[in-house]
file coords-v8.cif (mmCIF, C-alpha atoms)
data_work
loop_
_atom_site.label_atom_id
_atom_site.label_comp_id
_atom_site.auth_asym_id
_atom_site.auth_seq_id
_atom_site.Cartn_x
_atom_site.Cartn_y
_atom_site.Cartn_z
CA MET M 1 0.00 0.00 0.00
CA THR M 2 1.37 3.43 -0.88
CA VAL M 3 0.76 6.33 1.43
CA THR M 4 0.67 9.68 -0.32
CA GLU M 5 1.96 12.82 1.31
CA ASP M 6 -1.58 14.11 1.61
CA GLN M 7 -2.65 11.18 3.68
CA THR M 8 0.24 11.46 6.10
CA ARG M 9 -0.32 15.17 6.55
CA ASP M 10 -4.08 15.17 6.86
CA PRO M 11 -5.84 11.84 7.21
CA GLU M 12 -9.24 13.61 7.32
CA ALA M 13 -8.68 15.17 3.89
CA ALA M 14 -7.74 11.78 2.46
CA LEU M 15 -10.91 10.22 3.87
CA GLU M 16 -13.00 13.05 2.47
CA ALA M 17 -11.36 12.65 -0.94
CA GLN M 18 -12.15 8.97 -0.91
CA PHE M 19 -15.76 9.68 0.13
CA ASP M 20 -16.10 12.19 -2.72
CA ARG M 21 -14.66 9.72 -5.23
CA THR M 22 -17.04 6.97 -4.10
CA VAL M 23 -20.08 9.24 -4.42
CA ALA M 24 -18.96 10.68 -7.77
CA ALA M 25 -18.45 7.17 -9.17
CA GLU M 26 -22.05 6.22 -8.19
CA GLY M 27 -20.68 4.01 -5.43
CA ARG M 28 -22.61 3.53 -2.22
CA ILE M 29 -21.67 4.76 1.22
CA GLU M 30 -22.15 2.08 3.86
CA PRO M 31 -22.73 2.54 7.59
CA ARG M 32 -19.23 2.15 8.90
CA ASP M 33 -17.54 4.17 6.14
CA TRP M 34 -16.13 7.56 6.95
CA MET M 35 -18.58 10.30 5.97
CA PRO M 36 -18.69 14.09 6.41
CA GLU M 37 -20.59 15.17 9.51
CA GLY M 38 -22.96 17.25 7.37
CA TYR M 39 -23.81 14.23 5.23
CA ARG M 40 -24.59 12.19 8.33
CA LYS M 41 -26.73 14.94 9.85
CA THR M 42 -28.61 15.57 6.62
CA LEU M 43 -29.39 11.87 6.28
CA ILE M 44 -30.55 11.53 9.87
CA ARG M 45 -32.85 14.54 9.45
CA GLN M 46 -34.22 13.37 6.10
CA ILE M 47 -34.67 9.66 6.88
CA ALA M 48 -36.14 10.34 10.32
CA GLN M 49 -38.57 12.84 8.84
CA HIS M 50 -39.51 10.27 6.25
CA ALA M 51 -39.98 7.57 8.92
CA HIS M 52 -42.12 9.90 11.06
CA SER M 53 -44.28 10.65 8.00
CA GLU M 54 -45.01 6.96 7.52
CA ILE M 55 -45.96 6.55 11.17
CA ILE M 56 -48.10 9.71 11.38
CA GLY M 57 -49.57 8.77 7.99
CA MET M 58 -51.27 5.80 9.64
CA GLN M 59 -53.68 8.17 11.41
CA PRO M 60 -55.69 9.79 8.60
CA GLU M 61 -56.29 6.36 7.06
CA GLY M 62 -56.71 4.48 10.32
CA ASN M 63 -59.56 6.93 10.92
CA TRP M 64 -61.64 4.94 8.38
CA ILE M 65 -60.82 1.32 9.21
CA LEU M 66 -63.88 0.89 11.45
CA ARG M 67 -66.12 2.63 8.92
CA ALA M 68 -64.93 0.98 5.71
CA PRO M 69 -68.04 0.10 3.68
CA SER M 70 -67.25 -3.58 3.15
CA LEU M 71 -65.07 -6.35 4.53
CA ARG M 72 -63.00 -6.22 1.32
CA ARG M 73 -62.28 -2.50 1.75
CA LYS M 74 -61.57 -2.99 5.44
CA ALA M 75 -59.06 -5.78 4.79
CA ILE M 76 -57.31 -3.67 2.13
CA LEU M 77 -57.17 -0.61 4.36
CA LEU M 78 -55.83 -2.63 7.28
CA ALA M 79 -53.08 -4.07 5.07
CA LYS M 80 -52.21 -0.61 3.81
CA VAL M 81 -52.01 0.94 7.26
CA GLN M 82 -49.89 -2.00 8.41
CA ASP M 83 -47.58 -1.32 5.45
CA GLU M 84 -47.17 2.30 6.58
CA ALA M 85 -46.02 1.03 9.97
CA GLY M 86 -43.62 -1.32 8.19
CA HIS M 87 -42.24 1.52 6.07
CA GLY M 88 -41.66 3.57 9.19
CA LEU M 89 -39.74 0.68 10.74
CA TYR M 90 -37.57 0.07 7.64
CA LEU M 91 -36.65 3.73 7.76
CA TYR M 92 -35.98 3.87 11.51
CA SER M 93 -33.77 0.83 10.97
CA ALA M 94 -31.86 2.74 8.25
CA THR M 95 -31.54 5.80 10.51
CA GLU M 96 -30.09 3.71 13.30
CA THR M 97 -27.15 2.76 11.08
CA LEU M 98 -26.12 6.42 11.36
CA GLY M 99 -25.65 6.21 15.12
CA VAL M 100 -29.01 7.25 16.55
CA ASP M 101 -31.50 5.13 18.44
CA ARG M 102 -35.11 4.95 17.30
CA SER M 103 -36.41 5.69 20.78
CA GLU M 104 -34.57 9.03 20.55
CA LEU M 105 -36.29 9.70 17.24
CA THR M 106 -39.72 8.93 18.66
CA GLU M 107 -39.03 11.33 21.51
CA LYS M 108 -38.00 14.03 19.05
CA LEU M 109 -41.16 13.50 17.02
CA ILE M 110 -43.55 13.79 19.95
CA ASP M 111 -41.62 16.77 21.31
CA SER M 112 -42.00 18.48 17.89
CA LYS M 113 -38.22 18.61 17.44
CA GLN M 114 -38.40 16.71 14.17
CA LYS M 115 -40.95 17.14 11.41
CA TYR M 116 -43.08 14.88 9.26
CA SER M 117 -44.75 15.48 5.92
CA SER M 118 -47.33 18.27 6.14
CA ILE M 119 -49.80 16.36 4.00
CA PHE M 120 -50.84 14.31 7.04
CA ASN M 121 -52.06 17.42 8.82
CA TYR M 122 -55.14 17.49 6.60
CA PRO M 123 -58.28 15.62 7.72
CA THR M 124 -59.92 12.64 5.98
CA LEU M 125 -63.53 13.76 5.84
CA THR M 126 -65.14 11.04 3.71
CA PHE M 127 -64.30 7.54 2.50
CA ALA M 128 -63.43 9.02 -0.90
CA ASP M 129 -60.45 10.61 0.86
CA ILE M 130 -59.05 7.10 1.36
CA GLY M 131 -59.09 6.60 -2.40
CA VAL M 132 -57.62 10.02 -3.09
CA ILE M 133 -54.83 9.50 -0.57
CA GLY M 134 -53.89 6.27 -2.35
CA TRP M 135 -54.07 7.85 -5.78
CA LEU M 136 -52.71 11.38 -5.25
CA VAL M 137 -50.73 11.28 -2.00
CA ASP M 138 -49.13 7.88 -2.51
CA GLY M 139 -48.71 8.77 -6.18
CA ALA M 140 -46.70 11.85 -5.18
CA ALA M 141 -44.76 9.76 -2.67
CA ILE M 142 -43.81 7.32 -5.42
CA VAL M 143 -42.50 10.13 -7.65
CA ASN M 144 -40.43 11.37 -4.72
CA GLN M 145 -39.25 7.95 -3.66
CA VAL M 146 -38.30 6.14 -6.85
CA PRO M 147 -35.13 8.26 -7.32
CA LEU M 148 -34.26 7.67 -3.65
CA CYS M 149 -33.78 3.98 -4.47
CA ARG M 150 -30.48 5.18 -6.00
CA SER M 151 -29.55 7.39 -3.07
CA SER M 152 -25.83 7.32 -2.23
CA TYR M 153 -26.43 5.99 1.28
CA GLY M 154 -26.80 2.20 1.01
CA PRO M 155 -29.24 1.46 3.87
CA TYR M 156 -31.55 4.32 2.80
CA ALA M 157 -31.55 3.19 -0.83
CA ARG M 158 -32.29 -0.40 0.16
CA ALA M 159 -35.15 0.63 2.45
CA MET M 160 -36.59 2.69 -0.40
CA VAL M 161 -36.50 -0.29 -2.75
CA ARG M 162 -38.66 -2.27 -0.34
CA ILE M 163 -41.00 0.68 0.17
CA CYS M 164 -41.45 1.44 -3.51
CA LYS M 165 -42.44 -2.16 -4.24
CA GLU M 166 -45.24 -1.85 -1.72
CA GLU M 167 -46.37 1.68 -2.65
CA SER M 168 -47.62 0.44 -5.99
CA PHE M 169 -50.33 -1.54 -4.21
CA HIS M 170 -51.26 1.60 -2.28
CA GLN M 171 -51.70 3.71 -5.34
CA ARG M 172 -53.60 1.12 -7.34
CA GLN M 173 -56.05 0.27 -4.55
CA GLY M 174 -56.79 4.01 -4.26
CA PHE M 175 -57.42 4.41 -7.95
CA GLU M 176 -59.64 1.33 -8.01
CA LEU M 177 -61.61 2.61 -5.02
CA LEU M 178 -62.22 5.92 -6.84
CA ARG M 179 -63.21 4.18 -10.08
CA THR M 180 -65.78 2.19 -8.14
CA LEU M 181 -67.21 5.36 -6.61
CA MET M 182 -67.22 7.13 -10.00
CA ALA M 183 -69.34 4.27 -11.38
CA GLY M 184 -71.86 4.84 -8.59
CA THR M 185 -74.40 7.56 -7.91
CA ASP M 186 -74.14 11.31 -8.53
CA ALA M 187 -73.63 11.79 -4.82
CA GLN M 188 -70.69 9.35 -4.87
CA ARG M 189 -69.12 11.09 -7.86
CA ALA M 190 -69.53 14.44 -6.09
CA MET M 191 -67.85 12.95 -3.05
CA VAL M 192 -64.82 11.96 -5.17
CA GLN M 193 -64.60 15.41 -6.79
CA ASP M 194 -64.81 17.08 -3.38
CA ALA M 195 -61.94 14.92 -2.10
CA VAL M 196 -59.84 15.68 -5.19
CA ASP M 197 -60.51 19.41 -4.71
CA ARG M 198 -59.24 19.26 -1.16
CA TRP M 199 -56.16 17.05 -1.74
CA TRP M 200 -54.77 18.26 -5.07
CA TRP M 201 -52.92 21.33 -3.86
CA PRO M 202 -51.56 19.75 -0.68
CA SER M 203 -50.28 16.89 -2.87
CA LEU M 204 -48.32 19.37 -5.00
CA MET M 205 -46.86 20.83 -1.80
CA MET M 206 -45.48 17.41 -0.87
CA PHE M 207 -42.52 18.05 -3.18
CA GLY M 208 -41.38 20.87 -0.92
CA PRO M 209 -40.62 24.53 -1.59
CA ALA M 210 -39.87 25.85 -5.07
CA ASP M 211 -36.25 25.34 -6.12
CA GLY M 212 -35.34 28.95 -5.41
CA ASP M 213 -36.49 28.55 -1.80
CA SER M 214 -34.94 25.17 -1.11
CA PRO M 215 -31.48 25.90 0.27
CA ASN M 216 -30.51 22.28 1.03
CA THR M 217 -31.24 20.88 -2.40
CA GLN M 218 -27.89 21.70 -4.04
CA GLN M 219 -25.82 20.06 -1.32
CA SER M 220 -28.12 17.03 -1.19
CA MET M 221 -27.80 16.63 -4.94
CA ALA M 222 -24.01 16.98 -4.80
CA TRP M 223 -23.97 14.21 -2.20
CA ARG M 224 -26.40 12.24 -4.41
CA ILE M 225 -28.83 11.81 -1.56
CA LYS M 226 -31.34 13.56 -3.82
CA ARG M 227 -31.41 13.12 -7.58
CA HIS M 228 -33.84 15.77 -8.80
CA THR M 229 -34.97 19.18 -7.64
CA ASN M 230 -38.39 19.68 -6.01
CA ASP M 231 -39.77 21.48 -9.07
CA GLU M 232 -38.57 18.77 -11.46
CA LEU M 233 -40.36 16.11 -9.46
CA ARG M 234 -43.50 18.26 -9.09
CA GLN M 235 -43.64 18.74 -12.86
CA ARG M 236 -43.22 15.00 -13.45
CA TYR M 237 -46.07 14.33 -11.02
CA VAL M 238 -48.45 16.80 -12.68
CA ASP M 239 -47.70 15.34 -16.12
CA MET M 240 -48.33 11.81 -14.88
CA THR M 241 -51.51 12.66 -13.00
CA VAL M 242 -53.44 14.65 -15.62
CA PRO M 243 -54.25 11.65 -17.86
CA GLN M 244 -55.18 9.61 -14.79
CA ALA M 245 -57.67 12.30 -13.75
CA GLU M 246 -59.14 12.20 -17.23
CA ALA M 247 -59.48 8.43 -17.11
CA LEU M 248 -61.23 8.78 -13.79
CA GLY M 249 -63.51 11.59 -14.95
CA VAL M 250 -62.56 14.12 -12.27
CA THR M 251 -61.41 17.72 -12.64
CA LEU M 252 -58.15 18.85 -11.07
CA PRO M 253 -59.01 22.13 -9.32
CA ASP M 254 -56.65 24.42 -11.22
CA PRO M 255 -58.01 26.71 -13.96
CA GLU M 256 -54.48 27.37 -15.20
CA LEU M 257 -53.67 23.71 -15.73
CA ARG M 258 -53.08 23.11 -19.45
CA TRP M 259 -50.71 21.38 -21.84
CA ASN M 260 -47.83 23.54 -23.05
CA ASP M 261 -46.77 22.23 -26.43
CA GLU M 262 -43.57 24.24 -26.44
CA ARG M 263 -42.38 22.85 -23.11
CA GLN M 264 -43.92 19.42 -23.75
CA ALA M 265 -45.25 19.64 -20.21
CA HIS M 266 -48.26 20.96 -18.32
CA ASP M 267 -48.37 24.50 -17.04
CA PHE M 268 -50.08 24.83 -13.69
CA GLY M 269 -51.13 27.56 -11.27
CA ASP M 270 -49.20 29.03 -8.36
CA ILE M 271 -49.08 27.08 -5.13
CA ASP M 272 -50.27 28.84 -1.99
CA TRP M 273 -46.93 28.84 -0.18
CA ASP M 274 -48.38 30.79 2.75
CA GLU M 275 -50.67 27.87 3.48
CA PHE M 276 -47.70 25.50 3.14
CA MET M 277 -45.64 27.49 5.65
CA GLN M 278 -48.58 27.73 8.06
CA VAL M 279 -49.03 23.95 8.06
CA VAL M 280 -45.28 23.30 8.35
CA LYS M 281 -45.18 25.61 11.34
CA GLY M 282 -47.96 23.70 13.08
CA ALA M 283 -51.11 25.65 12.23
CA GLY M 284 -52.62 23.03 9.89
CA PRO M 285 -56.05 21.58 10.61
CA CYS M 286 -54.76 18.44 12.38
CA ASN M 287 -51.18 19.11 13.58
CA ALA M 288 -52.03 19.12 17.28
CA GLN M 289 -54.30 16.09 17.03
CA ARG M 290 -51.74 14.00 15.12
CA LEU M 291 -49.00 14.63 17.65
CA GLN M 292 -51.32 14.15 20.58
CA ASN M 293 -52.40 10.77 19.22
CA ARG M 294 -48.81 9.73 18.57
CA ARG M 295 -47.79 10.71 22.08
CA ALA M 296 -50.76 8.87 23.59
CA ALA M 297 -50.02 5.73 21.55
CA HIS M 298 -46.42 5.81 22.75
CA GLU M 299 -47.21 6.46 26.41
CA ASP M 300 -50.26 4.19 26.61
CA GLY M 301 -48.23 1.45 24.93
CA GLN M 302 -45.59 1.42 27.64
CA TRP M 303 -47.28 -1.49 29.43
CA VAL M 304 -47.02 -3.60 26.26
CA ARG M 305 -43.27 -2.98 26.05
CA ASP M 306 -42.94 -3.69 29.77
CA ALA M 307 -44.93 -6.91 29.42
CA ALA M 308 -42.75 -8.08 26.53
CA SER M 309 -39.61 -7.38 28.56
CA ALA M 310 -41.06 -9.22 31.58
CA TYR M 311 -41.99 -12.19 29.40
CA ALA M 312 -38.49 -12.31 27.92
CA ALA M 313 -36.96 -12.24 31.42
CA LYS M 314 -39.27 -15.04 32.57
CA GLN M 315 -38.44 -17.23 29.58
CA ALA M 316 -34.72 -16.62 30.11
CA ALA M 317 -35.04 -17.59 33.79
CA LYS M 318 -36.86 -20.81 32.81
CA GLU M 319 -34.06 -21.75 30.44
CA VAL M 320 -31.47 -21.26 33.13
CA ALA M 321 -33.50 -23.40 35.54
CA ALA M 322 -33.81 -26.17 32.93
CA MET J 1 -12.86 4.28 16.79
CA SER J 2 -10.54 1.72 18.34
CA MET J 3 -9.48 -1.52 16.70
CA ALA J 4 -11.49 -3.44 19.26
CA ASP J 5 -14.63 -1.66 18.11
CA ASP J 6 -13.78 -2.42 14.53
CA VAL J 7 -13.81 -6.15 14.90
CA THR J 8 -16.87 -6.45 17.10
CA ALA J 9 -19.09 -3.85 15.46
CA HIS J 10 -22.56 -4.67 14.17
CA VAL J 11 -23.04 -5.14 10.49
CA GLU J 12 -25.20 -2.06 10.16
CA GLY J 13 -26.46 -0.95 13.52
CA GLU J 14 -23.29 0.11 15.26
CA PRO J 15 -23.35 3.68 16.52
CA ARG J 16 -20.35 5.04 14.68
CA PHE J 17 -19.26 7.81 16.95
CA GLU J 18 -17.66 7.65 20.31
CA GLY J 19 -19.67 9.36 22.98
CA THR J 20 -22.94 8.28 21.41
CA THR J 21 -24.82 6.53 24.18
CA PRO J 22 -28.28 5.59 22.96
CA LYS J 23 -30.84 5.01 25.67
CA ALA J 24 -31.02 1.48 26.95
CA THR J 25 -33.55 -0.34 24.79
CA TRP J 26 -34.13 -3.86 23.57
CA PRO J 27 -31.14 -5.30 21.75
CA LEU J 28 -30.74 -4.84 18.03
CA TYR J 29 -31.22 -7.88 15.82
CA GLU J 30 -30.09 -8.19 12.22
CA VAL J 31 -32.57 -10.07 10.02
CA PHE J 32 -31.74 -12.47 7.18
CA VAL J 33 -34.40 -13.95 4.88
CA ARG J 34 -34.26 -16.92 2.52
CA GLY J 35 -36.42 -15.83 -0.40
CA LYS J 36 -37.14 -19.35 -1.61
CA ARG J 37 -35.70 -22.80 -1.32
CA GLY J 38 -32.38 -23.01 -3.12
CA LEU J 39 -31.32 -19.43 -2.30
CA ASN J 40 -29.07 -18.15 0.47
CA HIS J 41 -30.39 -16.14 3.38
CA VAL J 42 -29.86 -12.45 2.61
CA HIS J 43 -29.63 -9.56 5.04
CA VAL J 44 -32.79 -7.43 4.84
CA GLY J 45 -32.63 -5.03 7.79
CA SER J 46 -32.81 -4.88 11.54
CA LEU J 47 -35.24 -4.56 14.41
CA HIS J 48 -35.31 -4.43 18.20
CA ALA J 49 -36.87 -7.14 20.35
CA PRO J 50 -36.70 -8.25 23.98
CA ASP J 51 -35.57 -11.79 23.10
CA ASP J 52 -34.74 -14.14 20.21
CA THR J 53 -38.21 -15.63 19.85
CA MET J 54 -39.97 -12.28 19.74
CA ALA J 55 -37.30 -11.02 17.32
CA LEU J 56 -38.21 -13.87 15.00
CA HIS J 57 -41.93 -13.08 15.19
CA ASN J 58 -41.35 -9.38 14.68
CA ALA J 59 -39.13 -10.15 11.70
CA ARG J 60 -41.89 -12.30 10.22
CA ASN J 61 -44.40 -9.44 10.61
CA LEU J 62 -42.06 -6.75 9.34
CA TYR J 63 -40.06 -8.34 6.53
CA THR J 64 -42.31 -11.07 5.09
CA ARG J 65 -45.78 -9.56 4.69
CA ARG J 66 -45.94 -10.70 1.05
CA ASN J 67 -44.41 -14.17 0.91
CA GLU J 68 -40.91 -12.73 0.70
CA GLY J 69 -39.41 -15.66 2.52
CA VAL J 70 -39.51 -19.30 3.50
CA SER J 71 -36.99 -19.03 6.33
CA ILE J 72 -35.71 -16.27 8.61
CA TRP J 73 -32.57 -15.93 10.71
CA VAL J 74 -32.32 -13.29 13.41
CA VAL J 75 -29.02 -12.67 15.11
CA ARG J 76 -28.12 -10.17 17.77
CA GLY J 77 -26.04 -7.41 16.23
CA ASP J 78 -23.48 -7.60 19.00
CA ALA J 79 -22.83 -11.28 18.16
CA ILE J 80 -21.58 -10.40 14.66
CA THR J 81 -17.89 -10.01 14.00
CA ALA J 82 -17.24 -7.79 11.00
CA SER J 83 -14.18 -6.80 9.01
CA SER J 84 -13.17 -3.16 8.90
CA PRO J 85 -15.07 -1.20 6.26
CA ASP J 86 -12.10 0.74 4.95
CA GLU J 87 -11.49 -0.34 1.38
CA LYS J 88 -7.79 0.39 1.63
CA ASP J 89 -7.59 -2.02 4.51
CA PRO J 90 -4.87 -4.64 3.96
CA PHE J 91 -7.40 -7.23 5.11
CA PHE J 92 -8.31 -8.05 1.52
CA ALA J 93 -4.82 -7.51 0.11
CA PRO J 94 -3.89 -11.23 0.00
CA SER J 95 -6.49 -11.82 -2.71
CA GLY J 96 -5.61 -8.72 -4.72
CA ASP J 97 -2.40 -9.87 -6.38
CA LYS J 98 -3.19 -13.46 -7.32
CA VAL J 99 -4.40 -13.13 -10.88
CA TYR J 100 -3.55 -16.77 -11.50
CA ARG J 101 -6.61 -17.68 -9.45
CA HIS J 102 -8.81 -16.52 -12.32
CA PRO J 103 -9.48 -18.59 -15.45
CA THR J 104 -8.78 -15.58 -17.68
CA PHE J 105 -5.13 -15.68 -16.55
CA TYR J 106 -4.46 -18.67 -18.81
CA GLU J 107 -4.00 -18.38 -22.56
CA ILE J 108 -5.59 -21.22 -24.49
CA PRO J 109 -5.75 -21.41 -28.30
CA ASP J 110 -9.18 -20.43 -29.66
CA ASP J 111 -9.65 -23.70 -31.52
CA VAL J 112 -9.47 -25.93 -28.45
CA PRO J 113 -13.06 -26.82 -27.52
CA HIS J 114 -14.73 -26.92 -24.10
CA LEU J 115 -12.07 -24.96 -22.19
#

call {"tool": "encode", "arguments": {"input": "coords-v8.cif", "output": "structure tokens"}}
result
Amino acid sequence: MTVTEDQTRDPEAALEAQFDRTVAAEGRIEPRDWMPEGYRKTLIRQIAQHAHSEIIGMQPEGNWILRAPSLRRKAILLAKVQDEAGHGLYLYSATETLGVDRSELTEKLIDSKQKYSSIFNYPTLTFADIGVIGWLVDGAAIVNQVPLCRSSYGPYARAMVRICKEESFHQRQGFELLRTLMAGTDAQRAMVQDAVDRWWWPSLMMFGPADGDSPNTQQSMAWRIKRHTNDELRQRYVDMTVPQAEALGVTLPDPELRWNDERQAHDFGDIDWDEFMQVVKGAGPCNAQRLQNRRAAHEDGQWVRDAASAYAAKQAAKEVAA
Amino acid sequence: MSMADDVTAHVEGEPRFEGTTPKATWPLYEVFVRGKRGLNHVHVGSLHAPDDTMALHNARNLYTRRNEGVSIWVVRGDAITASSPDEKDPFFAPSGDKVYRHPTFYEIPDDVPHL
């Protein structure tokens, strides 16, 4: 092995150079590799936020499990909500490889020290919302998440591969639910349109602030954590969704939405960024309720964790005795 | 990180930085799933559980909700001995300079069949 002068003088610089080369060559960074502190912090923030979103995301849908209109819909919704829990756990597992413990992350979530996706601060008012969440919200999540399967951090990319495989079920069950409603009565069709009207703009906000107002994007792209800017992904989502809305027979609530032949893409109206900032800062319709429920689930579940520990201790004692 | 840490660290779950003292929780288990008969078990992720049996059940619930496996191994992360991650590590050097271990090292005339 040859040791260059650089390495003997400054081992940190040599490690950083190797990290940069690995990332630039589309290599993957693995948990015990050296990595810049900023890279580690950015990943912890992003993956934890993502994990929290999956966990909080169980609430708006869980709201309808007891009221699902048939056993078929109830079984599907249960499976979907269970998947969201699973996604949260894959992601907490990935975060832990960066040197944090998931119990710390849960504490940070319920103390409002870490965020989750603002979309889950909107209420699910009718059963059509369940379909629209699958179609629009999970659809937006897929557009966001597919490029993350190639993220430079190995455990994150691998968790995203698992998640993306399962998201396809989520989106398709939502679309099928809406198609069923659209084939029903006028009142059912109106219910779908009402849900689309309420969820369309928040779905567009899921991609985050416009590129000019997203200070972390450039660094995240240089580190290849992120692959596309927020606006690129938002545009891709709009272009994918418009024909789906047509197939469904619903109107997307944006009078400025139209095909631009020159750009070969859809133009669309301005997003209400004031509303976005309000919801991010905690003033959305359900912020307080979501966190309160999460805290209650954690605290009220303490006896289950205690019982599991007690059971494990008892079994271990039996083995020793035998 | 000391050498001792290097050789006893978890595959993926090891807190990397000295001074990081996560709260005492259930131990970390690494999970390996055999996708179908005839394939090796492959590492799929990790979870926490109070004991081995509950780790196995949790792994079943978390990592095989869609027939992803026919067999699961769970192993406590602190029972895994791992090599150092540094690619420049001399650990793998003995295999780096033995080109004669590869079939392409040997020149065989093109017209000799089945070689």

call {"tool": "residues_around", "arguments": {"input": "coords-v8.cif", "residues": "J:Ala49", "least_positions_apart": "2", "cutoff": "9 Å", "atoms": "all atoms listed in the file", "output": "PyMOL selection string"}}
result
(chain M and resi 308-309) or (chain J and resi 25-29+47+51-56+58)

call {"tool": "write_last_selection", "arguments": {"input": "coords-v8.cif", "atoms": "C-alpha atoms", "output": "PDB file, keeping the file's coordinate frame"}}
result
ATOM      1  CA  ALA M 308     -42.750  -8.080  26.530  1.00  0.00           C
ATOM      2  CA  SER M 309     -39.610  -7.380  28.560  1.00  0.00           C
TER       3      SER M 309
ATOM      4  CA  THR J  25     -33.550  -0.340  24.790  1.00  0.00           C
ATOM      5  CA  TRP J  26     -34.130  -3.860  23.570  1.00  0.00           C
ATOM      6  CA  PRO J  27     -31.140  -5.300  21.750  1.00  0.00           C
ATOM      7  CA  LEU J  28     -30.740  -4.840  18.030  1.00  0.00           C
ATOM      8  CA  TYR J  29     -31.220  -7.880  15.820  1.00  0.00           C
ATOM      9  CA  LEU J  47     -35.240  -4.560  14.410  1.00  0.00           C
ATOM     10  CA  ASP J  51     -35.570 -11.790  23.100  1.00  0.00           C
ATOM     11  CA  ASP J  52     -34.740 -14.140  20.210  1.00  0.00           C
ATOM     12  CA  THR J  53     -38.210 -15.630  19.850  1.00  0.00           C
ATOM     13  CA  MET J  54     -39.970 -12.280  19.740  1.00  0.00           C
ATOM     14  CA  ALA J  55     -37.300 -11.020  17.320  1.00  0.00           C
ATOM     15  CA  LEU J  56     -38.210 -13.870  15.000  1.00  0.00           C
ATOM     16  CA  ASN J  58     -41.350  -9.380  14.680  1.00  0.00           C
TER      17      ASN J  58
END

call {"tool": "closest_residue", "arguments": {"input": "coords-v8.cif", "among": "M:Ala25, M:Val279, M:Ala94, M:Val81", "to": "chain J", "atoms": "all atoms listed in the file"}}
result
M:Ala94

call {"tool": "closest_atom_pairs", "arguments": {"input": "coords-v8.cif", "of": "chain M", "to": "chain J", "cutoff": "10 Å", "atoms": "only C-alpha atoms", "output": "Markdown table"}}
result
| residue | atom | partner | partner_atom | distance |
| --- | --- | --- | --- | --- |
| M:Met1 | CA | J:Pro90 | CA | 7.8 |
| M:Thr2 | CA | J:Lys88 | CA | 10.0 |
| M:Leu15 | CA | J:Asp86 | CA | 9.6 |
| M:Gln18 | CA | J:Glu87 | CA | 9.6 |
| M:Glu30 | CA | J:Glu12 | CA | 8.1 |
| M:Pro31 | CA | J:Glu12 | CA | 5.8 |
| M:Arg32 | CA | J:Pro85 | CA | 6.0 |
| M:Asp33 | CA | J:Pro85 | CA | 5.9 |
| M:Trp34 | CA | J:Asp86 | CA | 8.2 |
| M:Ala79 | CA | J:Arg65 | CA | 9.1 |
| M:Gln82 | CA | J:Leu62 | CA | 9.2 |
| M:Asp83 | CA | J:Arg65 | CA | 8.5 |
| M:Ala85 | CA | J:Leu62 | CA | 8.8 |
| M:Gly86 | CA | J:Leu62 | CA | 5.8 |
| M:His87 | CA | J:Leu62 | CA | 8.9 |
| M:Leu89 | CA | J:Leu47 | CA | 7.8 |
| M:Tyr90 | CA | J:Gly45 | CA | 7.1 |
| M:Leu91 | CA | J:Gly45 | CA | 9.6 |
| M:Tyr92 | CA | J:Leu47 | CA | 8.9 |
| M:Ser93 | CA | J:Ser46 | CA | 5.8 |
| M:Ala94 | CA | J:Gly45 | CA | 7.8 |
| M:Thr95 | CA | J:Gly13 | CA | 9.0 |
| M:Glu96 | CA | J:Gly13 | CA | 5.9 |
| M:Thr97 | CA | J:Gly13 | CA | 4.5 |
| M:Leu98 | CA | J:Pro15 | CA | 6.5 |
| M:Gly99 | CA | J:Pro15 | CA | 3.7 |
| M:Val100 | CA | J:Pro22 | CA | 6.7 |
| M:Asp101 | CA | J:Pro22 | CA | 5.6 |
| M:Arg102 | CA | J:Pro22 | CA | 8.9 |
| M:Ser103 | CA | J:Lys23 | CA | 7.4 |
| M:Glu104 | CA | J:Lys23 | CA | 7.5 |
| M:Pro155 | CA | J:Glu12 | CA | 8.3 |
| M:Arg158 | CA | J:Val44 | CA | 8.5 |
| M:Ala159 | CA | J:Gly45 | CA | 8.2 |
| M:Arg162 | CA | J:Tyr63 | CA | 9.3 |
| M:Glu166 | CA | J:Arg66 | CA | 9.3 |
| M:Arg305 | CA | J:Pro50 | CA | 8.7 |
| M:Asp306 | CA | J:Pro50 | CA | 9.7 |
| M:Ala307 | CA | J:Pro50 | CA | 10.0 |
| M:Ala308 | CA | J:Pro50 | CA | 6.6 |
| M:Ser309 | CA | J:Pro50 | CA | 5.5 |
| M:Ala310 | CA | J:Pro50 | CA | 8.8 |
| M:Tyr311 | CA | J:Pro50 | CA | 8.5 |
| M:Ala312 | CA | J:Asp51 | CA | 5.7 |
| M:Ala313 | CA | J:Pro50 | CA | 8.4 |
| M:Gln315 | CA | J:Asp51 | CA | 8.9 |
| M:Ala316 | CA | J:Asp51 | CA | 8.6 |

call {"tool": "resolve_selection", "arguments": {"input": "coords-v8.cif", "expression": "the PyMOL selection byres ((chain M and resi 62) around 12)", "output": "JSON, numbers by chain"}}
result
{"M": [55, 56, 57, 58, 59, 60, 61, 63, 64, 65, 66, 67, 68, 74, 75, 76, 77, 78, 79, 80, 81, 82, 83, 84, 85, 120, 123, 124, 127, 129, 130, 290, 293]}

call {"tool": "resolve_selection", "arguments": {"input": "coords-v8.cif", "expression": "the PyMOL selection byres ((chain M and resi 174) around 7)", "output": "short mmCIF file (atom, residue, chain, number, x, y, z; two decimals) with C-alpha atoms, in the frame of the given file"}}
result
data_model
loop_
_atom_site.label_atom_id
_atom_site.label_comp_id
_atom_site.auth_asym_id
_atom_site.auth_seq_id
_atom_site.Cartn_x
_atom_site.Cartn_y
_atom_site.Cartn_z
CA ILE M 130 -59.05 7.10 1.36
CA GLY M 131 -59.09 6.60 -2.40
CA VAL M 132 -57.62 10.02 -3.09
CA ILE M 133 -54.83 9.50 -0.57
CA GLY M 134 -53.89 6.27 -2.35
CA TRP M 135 -54.07 7.85 -5.78
CA HIS M 170 -51.26 1.60 -2.28
CA GLN M 171 -51.70 3.71 -5.34
CA ARG M 172 -53.60 1.12 -7.34
CA GLN M 173 -56.05 0.27 -4.55
CA PHE M 175 -57.42 4.41 -7.95
CA GLU M 176 -59.64 1.33 -8.01
CA LEU M 177 -61.61 2.61 -5.02
CA LEU M 178 -62.22 5.92 -6.84
#
